[in-house]
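Colleague: One structure, pasted below without further comment.
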Amino acid sequence: MRIDGTPYRAIWLAEDGWSVSIIDQTRLPWDWAVARLTTAEEAAEAIETMRVRGAPLIGATAAYGLCLALRIDASDAALEAAHDRLLATRPTAVNLRWALEAMRERLRALPPPERVAASYAQAAEIAEGEVATCRRIGEHGLALIEEARRGKSGGPVNILTHCNAGWLACVDWGTALAPVYRAFDAGIPVHVWVDETRPRNQGASLTAWELGKHGVPHTLVADNAGGHLMQRGQVDLCIVGTDRTTRRGDVANKIGTYLKALAAREAGVPFYVALPGSTIDWTVADGLAEIPIEERGAAEVTHVTGRTAAGEVATVALAPEGTPAANPAFDVTPASLVTRLVTERGICPASEEGLMGLYPERASA
Ligand SMILES: CSC[C@@H](O)[C@@H](O)C(=O)COP(=O)(O)O
């Protein structure tokens, strides 16, 4: 997508043809910084520290991380070690495993001297594949925004989103935000309610930033405001992303998503979840019982980072020193609360039948 008119992606191969460029998302929205990854360890650290984050983007970053490992040592042992290190970086988003397994399977079958070139080709394929997938999610999701518009007597279509499921999270386009960009670019009046998304504030820092850079009208709200807005008819639809979707249609997404789905059900607001096929974990059925939920550090809850009036980026404490804090980073929204899933292959009910209808090859697998 565009930043002040210039097209960008969230990850790309550097001009040297081998190192990997990322937008350092821990510096946004205060600083614009492109970081260069030169080793698998740097790629792993970038994922762990959330310089890159968002389900499709961490899959693509891990894929390039394997390429960086193989440049140094293309043996079976090095491939396994890099695979395991990258896989251990974040537990919830299944795209990480999906990308790493796809890479490992193809590379293991090749003699070591052929692995480096093949790995770069495959990582590029994964990144390009996610871009094409997200573009198609946008096309399908656009129909839902058009439908919401037809149901209104006037004014913009008001869309509530949680966390950042835009192009920064997905190489390009985004999952939840792809339909929004499509609609905006097609001249449909849209307005996005952006949940701030405590504790790391991906909504305030990243979604507000990327929507602003593209020119999409939006308003930042405290996480607690969503129910109130839905109750008063100020939200026409919710659309969020997911880090892991079970074959029955349960979705794990950023903490707080479940509460929005509950409020949407009570208020009669459609609650859509947008996802690429790479986010479906066909090996799990019950999201609550089977999806591992990442527990992050307490400091993300007890402290907050922002820019001071003097222009410095600073981290300050919110709670009394020593306050114990828990930080589950994701929650599970059961399929029963999801109005529809929006995928690259079309829109379906959040159910096993719905997903099998779009991915019939999984039914026979
Ligand atoms: C980009 S699609 C869905 C998700 O990856 C997104 O909504 C999300 O929860 C990201 O979490 P994050 O912890 O910022 O990686």
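As shown in the structure tokens, the chain order sets the letters A, B, ...; within each chain, residues go from 1, and ligands are also counted from 1 in the order they appear.
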At a cut-off of 6 Å around ligand 1, and using only C-alpha atoms and all ligand atoms, what residues come up? Please write them as a VMD selection string.
Modeller: chain A and resid 53 to 55 163 to 165 169 to 170 175 241 to 243 253 to 254
Colleague: Export, as a CSV table (one decimal), in the first residue's frame, the selected residues with N, CA and C atoms.
Modeller:
```csv
chain,number,residue,atom,x,y,z
A,53,ARG,N,5.2,-8.2,13.0
A,53,ARG,CA,4.1,-8.9,13.7
A,53,ARG,C,3.0,-9.0,12.8
A,54,GLY,N,1.9,-9.7,13.2
A,54,GLY,CA,0.8,-10.0,12.3
A,54,GLY,C,1.0,-11.4,11.7
A,55,ALA,N,0.0,-12.2,11.6
A,55,ALA,CA,0.1,-13.6,11.2
A,55,ALA,C,0.8,-13.8,9.9
A,163,CYS,N,-7.0,-4.4,16.8
A,163,CYS,CA,-5.6,-4.7,16.5
A,163,CYS,C,-5.2,-4.1,15.2
A,164,ASN,N,-4.2,-4.7,14.6
A,164,ASN,CA,-3.8,-4.3,13.2
A,164,ASN,C,-3.8,-5.5,12.4
A,165,ALA,N,-4.7,-5.5,11.5
A,165,ALA,CA,-4.8,-6.6,10.5
A,165,ALA,C,-4.8,-5.9,9.1
A,169,ALA,N,0.7,-5.9,8.7
A,169,ALA,CA,0.6,-7.3,9.3
A,169,ALA,C,0.7,-8.4,8.3
A,170,CYS,N,0.7,-8.0,7.0
A,170,CYS,CA,0.4,-9.0,6.0
A,170,CYS,C,1.3,-8.9,4.7
A,175,THR,N,-5.6,-8.3,5.9
A,175,THR,CA,-6.8,-9.2,5.9
A,175,THR,C,-8.0,-8.4,6.2
A,241,GLY,N,-9.0,-9.6,11.9
A,241,GLY,CA,-8.2,-10.7,11.4
A,241,GLY,C,-8.2,-11.9,12.3
A,242,THR,N,-7.4,-12.9,12.1
A,242,THR,CA,-7.2,-14.0,13.0
A,242,THR,C,-5.8,-14.5,12.9
A,243,ASP,N,-5.3,-15.1,14.0
A,243,ASP,CA,-4.0,-15.7,14.0
A,243,ASP,C,-4.0,-17.2,13.8
A,253,ASN,N,-7.6,-14.4,17.9
A,253,ASN,CA,-7.1,-13.1,17.5
A,253,ASN,C,-6.7,-12.3,18.7
A,254,LYS,N,-6.2,-11.1,18.4
A,254,LYS,CA,-5.7,-10.3,19.5
A,254,LYS,C,-6.6,-10.2,20.7
```
Colleague: Can you pull out every residue within 12 Å of Tyr272 of chain A, counting only C-alpha atoms, but drop anything in the same chain fewer than 5 positions away, and send it as a PyMOL selection string?
Modeller: chain A and resi 137+140-142+144-145+159-162+175-177+179+236-242+249+251+257+260-261+264-265+333+335-343+347-350
Colleague: From the set A:Glu101, A:Asp223, A:Glu344, A:Asp331, which residue has the shortest atom-to-atom contact distance to Ala178 of chain A, counting only C-alpha atoms?
Modeller: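 Residue with the minimum atom-to-atom distance to Ala178 of chain A: A:Glu344.
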Colleague: Taking 5 positions as the minimum chain separation for residues in the same chain, which residues sit within 10 Å of Glu128 of chain A when counting only C-alpha atoms? Answer as a list in words.
Modeller: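 Contacts, in chain order: Ala60, Gln122, Ala123, Thr133, Cys134, Val171 and Asp172 of chain A.
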Colleague: With distances taken over only C-alpha atoms, which residue among A:Arg307, A:Arg135, A:Arg97, A:Arg36 lies nearest Gly59 of chain A?
Modeller: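 Under the stated criterion, the closest residue is A:Arg97.
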Colleague: Which residues are near Val157 of chain A? Cut-off 8 Å, only C-alpha atoms, ignore same chain within fewer than 3 positions. Put them as a list in words.
Modeller: Ile145, Ala148, Arg149, Lys152, Pro189, Val190, His191, Val235 and Asp236 of chain A
Colleague: Can you tell me how far atom CA of Thr283 of chain A sits from atom CA of Thr246 of chain A, in Å to one decimal?
Modeller: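 Those two atoms sit 7.6 Å apart.
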Colleague: What's around segment 200-206 of chain A at 10 Å? Count only C-alpha atoms, leave out sequence neighbours fewer than 3 positions away in its own chain, and write the answer as an NGL selection string.
Modeller: :A and (25-30 or 53-54 or 161-169 or 193-197 or 209-212 or 219-223 or 254 or 300-301 or 303-306 or 329)
